[in-house]
Amino acid sequence: MPKFLRIGIHQSNVSGYTSKAWWVRRVGSTVFLKWGAVEITGVGNGRKVCWTQPPRVKTIRCGTVQRARDYAQAAIARRRNHRYEPLSGTIASRRRTANRGAELEQALATILYVDIVGSTAKAARLGDSRWTQVMNLYYAAVRRELKTARGKEVVTTGDGLLATFKLPASGIRCATAIREAVRTLGLEIRLGLHAGEYKVSGGDVVGLAFHVGARVAAKARAGEVLVSSAVRELMAQSDVRFRDRGVHRLKGVPERWRLYRVEHDRATPARSRPRATSSLSR
């Protein structure tokens with residue numbers, strides 16, 4: 001039974017970093033659908049996905065096996081076109097504890113959101129096998145830069161990544177390094193940074209700051225690193241140069257935000273870094 005996951009932020013819950021999953025199953029001439037909001041904890045092999053509430057379900061009786069096959073294939077194609085990633089394993093029911101609120105701890109960090117520009121079109125052009133290889137090299141390059149900058153990976157999406165840093169300067173250096181590292185793969189990315197508070201409970205992280213970081217990245221052009229005014233203020237005494245990109249309304253976020261483009265990071269010394277190389281994108 002194909003399952004799909006799209007990591008993002010629901011407009012109905014801007015205070016939490018939540019995602020959506022779809023479950024498609026065909027039995028004879030009948031197709032069963034299940035979908036809803038999910039929470040993701042952990043990364044890599046330790047990642048767990050669970051429904052935040054009972055999912056919605058729908059049964060489609062197609063009349064014939066062929067019609068059911070066509071319906072299921074179309075449903076799967078729509079998920080891929082809407083940037084869902086295939087999901088292996090089960091989607092568990094959320095387990096709530098009575099003292100969940102008491103376990104929350106507040107943290108302050110710089111949040112980096114990375115996203116590939118035009119990933120759907122490139123994936124369609126390369127095909128699943130070659131695109132998977134490119135993505136493996138992409139994530140290896142991103143994680144290498146995260147390790148160098150001492151960033152903490154929070155969650156991955158089908159073609160992006162969310163990470164946190166203790167210092168805004170580290171986040172900016174990492175963002176510019178990632179941008180250069182993945183260009184050899186034929187990829188262009190957009191990056192956004194925001195500084196703010198969020199809450200931690202075990203493996204869960206929630207907070208409007210994650211939402212803002214994602215929306216800042218969404219405003220960036222290909223190859224651009226954008227930061228919120230919160231990051232700019234924290235970097236006022238640094239050697240990093242910024243260019244004002246004006247005031248923007250971020251989808252689902254209260255008020256308007258002034259954004260800045262990172263023009264040059266003088267604090268990043270020139271150094272020889274291993275780069276991801278691939279002929280797959282040619």
# chains A, B, ... in the order shown; residues from 1 in each chain; ligands from 1
>>> residues_around(residues="Arg249 of chain A", least_positions_apart="5", cutoff="12 Å", atoms="only C-alpha atoms", output="list of chain:residue names")
A:Val212, A:Arg215, A:Val216, A:Ala218, A:Lys219, A:Ser228, A:Pro254, A:Glu255, A:Arg256, A:Trp257, A:Arg258, A:Leu259
>>> write_last_selection(atoms="C-alpha atoms", output="JSON list (two decimals), in the first residue's frame")
[["chain", "number", "residue", "atom", "x", "y", "z"],
["A", 212, "VAL", "CA", 8.58, 31.88, 9.95],
["A", 215, "ARG", "CA", 8.19, 31.27, 4.90],
["A", 216, "VAL", "CA", 11.38, 33.34, 4.74],
["A", 218, "ALA", "CA", 9.86, 30.61, 0.34],
["A", 219, "LYS", "CA", 10.49, 34.30, -0.45],
["A", 228, "SER", "CA", 14.50, 37.80, 8.86],
["A", 254, "PRO", "CA", 0.98, 37.60, 11.74],
["A", 255, "GLU", "CA", 2.19, 41.08, 10.75],
["A", 256, "ARG", "CA", 4.71, 41.99, 8.03],
["A", 257, "TRP", "CA", 8.39, 41.10, 8.13],
["A", 258, "ARG", "CA", 11.42, 42.94, 6.72],
["A", 259, "LEU", "CA", 13.76, 40.54, 4.96]]
>>> residues_around(residues="Val117 of chain A", least_positions_apart="4", cutoff="7 Å", atoms="only C-alpha atoms", output="PDB file with N, CA and C atoms, in the first residue's frame")
ATOM      1  N   GLU A 188      19.875  24.194  -7.784  1.00  0.00           N
ATOM      2  CA  GLU A 188      19.771  25.531  -7.210  1.00  0.00           C
ATOM      3  C   GLU A 188      18.838  25.444  -6.012  1.00  0.00           C
ATOM      4  N   ILE A 189      19.228  26.067  -4.924  1.00  0.00           N
ATOM      5  CA  ILE A 189      18.419  26.014  -3.714  1.00  0.00           C
ATOM      6  C   ILE A 189      18.102  27.420  -3.228  1.00  0.00           C
ATOM      7  N   ARG A 190      17.078  27.498  -2.397  1.00  0.00           N
ATOM      8  CA  ARG A 190      16.743  28.740  -1.696  1.00  0.00           C
ATOM      9  C   ARG A 190      16.880  28.458  -0.206  1.00  0.00           C
ATOM     10  N   ALA A 222      16.231  31.700  -6.451  1.00  0.00           N
ATOM     11  CA  ALA A 222      17.209  30.628  -6.611  1.00  0.00           C
ATOM     12  C   ALA A 222      18.609  31.127  -6.257  1.00  0.00           C
TER      13      ALA A 222
END
>>> select_by_dssp(residues="segment 100-183 of chain A", states="helix (DSSP H, G or I)", output="PyMOL selection string")
chain A and resi 101-103+119-126+128-149+168-183
>>> write_last_selection(atoms="N, CA and C atoms", output="compact mmCIF listing (two decimals), in the first residue's frame")
# COMPACT_ATOMS: atom_id res chain seq x y z
N GLY A 101 2.20 18.91 28.60
CA GLY A 101 2.51 20.33 28.66
C GLY A 101 3.62 20.62 29.63
N ALA A 102 3.70 19.83 30.73
CA ALA A 102 4.72 20.09 31.74
C ALA A 102 6.10 19.72 31.27
N GLU A 103 6.19 18.86 30.21
CA GLU A 103 7.48 18.39 29.73
C GLU A 103 8.13 19.38 28.78
N SER A 119 12.37 21.35 -8.02
CA SER A 119 12.69 19.93 -7.81
C SER A 119 11.75 19.00 -8.56
N THR A 120 10.47 19.35 -8.63
CA THR A 120 9.50 18.47 -9.30
C THR A 120 9.84 18.30 -10.77
N ALA A 121 10.14 19.40 -11.45
CA ALA A 121 10.47 19.33 -12.88
C ALA A 121 11.77 18.56 -13.11
N LYS A 122 12.76 18.80 -12.25
CA LYS A 122 14.03 18.09 -12.41
C LYS A 122 13.89 16.60 -12.14
N ALA A 123 13.09 16.24 -11.13
CA ALA A 123 12.86 14.83 -10.82
C ALA A 123 12.17 14.13 -11.98
N ALA A 124 11.21 14.83 -12.60
CA ALA A 124 10.50 14.24 -13.74
C ALA A 124 11.43 14.04 -14.92
N ARG A 125 12.36 14.98 -15.11
CA ARG A 125 13.30 14.88 -16.24
C ARG A 125 14.33 13.78 -16.03
N LEU A 126 14.82 13.63 -14.81
CA LEU A 126 15.86 12.64 -14.54
C LEU A 126 15.32 11.23 -14.36
N ASP A 128 13.08 8.49 -11.58
CA ASP A 128 13.18 8.16 -10.16
C ASP A 128 14.56 7.68 -9.74
N SER A 129 15.17 6.79 -10.53
CA SER A 129 16.45 6.20 -10.13
C SER A 129 17.56 7.24 -10.06
N ARG A 130 17.69 8.06 -11.13
CA ARG A 130 18.75 9.06 -11.15
C ARG A 130 18.50 10.16 -10.14
N TRP A 131 17.21 10.52 -9.95
CA TRP A 131 16.88 11.56 -8.98
C TRP A 131 17.22 11.10 -7.57
N THR A 132 16.98 9.83 -7.27
CA THR A 132 17.32 9.29 -5.95
C THR A 132 18.82 9.41 -5.70
N GLN A 133 19.63 9.12 -6.71
CA GLN A 133 21.08 9.24 -6.56
C GLN A 133 21.49 10.70 -6.32
N VAL A 134 20.88 11.62 -7.05
CA VAL A 134 21.18 13.03 -6.86
C VAL A 134 20.81 13.47 -5.44
N MET A 135 19.64 13.01 -4.97
CA MET A 135 19.19 13.39 -3.64
C MET A 135 20.11 12.83 -2.55
N ASN A 136 20.62 11.62 -2.75
CA ASN A 136 21.55 11.06 -1.78
C ASN A 136 22.82 11.91 -1.68
N LEU A 137 23.33 12.36 -2.83
CA LEU A 137 24.51 13.22 -2.84
C LEU A 137 24.19 14.59 -2.24
N TYR A 138 23.00 15.07 -2.53
CA TYR A 138 22.55 16.37 -2.00
C TYR A 138 22.52 16.35 -0.48
N TYR A 139 21.87 15.35 0.10
CA TYR A 139 21.77 15.29 1.56
C TYR A 139 23.14 15.04 2.20
N ALA A 140 23.99 14.28 1.53
CA ALA A 140 25.34 14.05 2.07
C ALA A 140 26.11 15.37 2.14
N ALA A 141 25.98 16.20 1.09
CA ALA A 141 26.66 17.49 1.06
C ALA A 141 26.10 18.43 2.13
N VAL A 142 24.78 18.46 2.26
CA VAL A 142 24.15 19.34 3.25
C VAL A 142 24.57 18.93 4.66
N ARG A 143 24.56 17.64 4.94
CA ARG A 143 24.90 17.17 6.29
C ARG A 143 26.37 17.37 6.60
N ARG A 144 27.22 17.32 5.59
CA ARG A 144 28.64 17.59 5.82
C ARG A 144 28.84 19.04 6.27
N GLU A 145 28.12 19.95 5.63
CA GLU A 145 28.24 21.36 6.02
C GLU A 145 27.61 21.61 7.39
N LEU A 146 26.51 20.91 7.67
CA LEU A 146 25.90 21.04 8.99
C LEU A 146 26.86 20.60 10.09
N LYS A 147 27.55 19.50 9.85
CA LYS A 147 28.51 19.00 10.84
C LYS A 147 29.64 20.00 11.05
N THR A 148 30.12 20.58 9.97
CA THR A 148 31.21 21.57 10.07
C THR A 148 30.77 22.78 10.88
N ALA A 149 29.54 23.22 10.67
CA ALA A 149 29.03 24.43 11.35
C ALA A 149 28.38 24.12 12.70
N PRO A 168 23.56 32.84 15.13
CA PRO A 168 23.14 33.20 13.77
C PRO A 168 24.30 33.20 12.78
N ALA A 169 25.50 33.57 13.23
CA ALA A 169 26.66 33.57 12.32
C ALA A 169 26.94 32.17 11.80
N SER A 170 26.79 31.17 12.65
CA SER A 170 27.01 29.79 12.22
C SER A 170 25.98 29.37 11.19
N GLY A 171 24.74 29.80 11.39
CA GLY A 171 23.69 29.47 10.43
C GLY A 171 23.93 30.10 9.08
N ILE A 172 24.37 31.35 9.06
CA ILE A 172 24.63 32.03 7.79
C ILE A 172 25.81 31.40 7.07
N ARG A 173 26.89 31.10 7.81
CA ARG A 173 28.04 30.45 7.18
C ARG A 173 27.66 29.10 6.59
N CYS A 174 26.85 28.36 7.32
CA CYS A 174 26.42 27.05 6.83
C CYS A 174 25.55 27.19 5.59
N ALA A 175 24.65 28.17 5.59
CA ALA A 175 23.76 28.37 4.45
C ALA A 175 24.54 28.68 3.17
N THR A 176 25.51 29.59 3.26
CA THR A 176 26.30 29.93 2.07
C THR A 176 27.17 28.76 1.62
N ALA A 177 27.67 27.97 2.59
CA ALA A 177 28.48 26.81 2.24
C ALA A 177 27.65 25.73 1.55
N ILE A 178 26.43 25.51 2.02
CA ILE A 178 25.53 24.53 1.40
C ILE A 178 25.21 24.96 -0.03
N ARG A 179 24.93 26.23 -0.22
CA ARG A 179 24.60 26.74 -1.56
C ARG A 179 25.70 26.43 -2.56
N GLU A 180 26.95 26.65 -2.16
CA GLU A 180 28.08 26.39 -3.06
C GLU A 180 28.31 24.89 -3.26
N ALA A 181 28.11 24.12 -2.18
CA ALA A 181 28.41 22.69 -2.25
C ALA A 181 27.48 21.94 -3.20
N VAL A 182 26.21 22.34 -3.28
CA VAL A 182 25.25 21.57 -4.09
C VAL A 182 25.18 22.05 -5.54
N ARG A 183 25.85 23.15 -5.86
CA ARG A 183 25.80 23.62 -7.24
C ARG A 183 26.47 22.66 -8.20
>>> select_by_dssp(residues="segment 27-91 of chain A", states="strand (DSSP E)", output="JSON, numbers by chain")
{"A": [27, 30, 31, 32, 33, 34, 35, 36, 37, 38, 39, 40, 41, 48, 49, 50, 51, 56, 57, 58, 59, 60, 61, 85, 86]}
>>> atom_distance(atom1="atom CA of Tyr84 of chain A", atom2="atom CA of Asp115 of chain A")
13.7 Å
>>> atom_distance(atom1="atom CA of Gln53 of chain A", atom2="atom CA of Trp23 of chain A")
14.8 Å
>>> residues_around(residues="Leu108 of chain A", least_positions_apart="4", cutoff="7 Å", atoms="only C-alpha atoms", output="ChimeraX atom specification")
/A:196-198
>>> atom_distance(atom1="atom CA of Leu167 of chain A", atom2="atom CA of Val38 of chain A")
29.8 Å
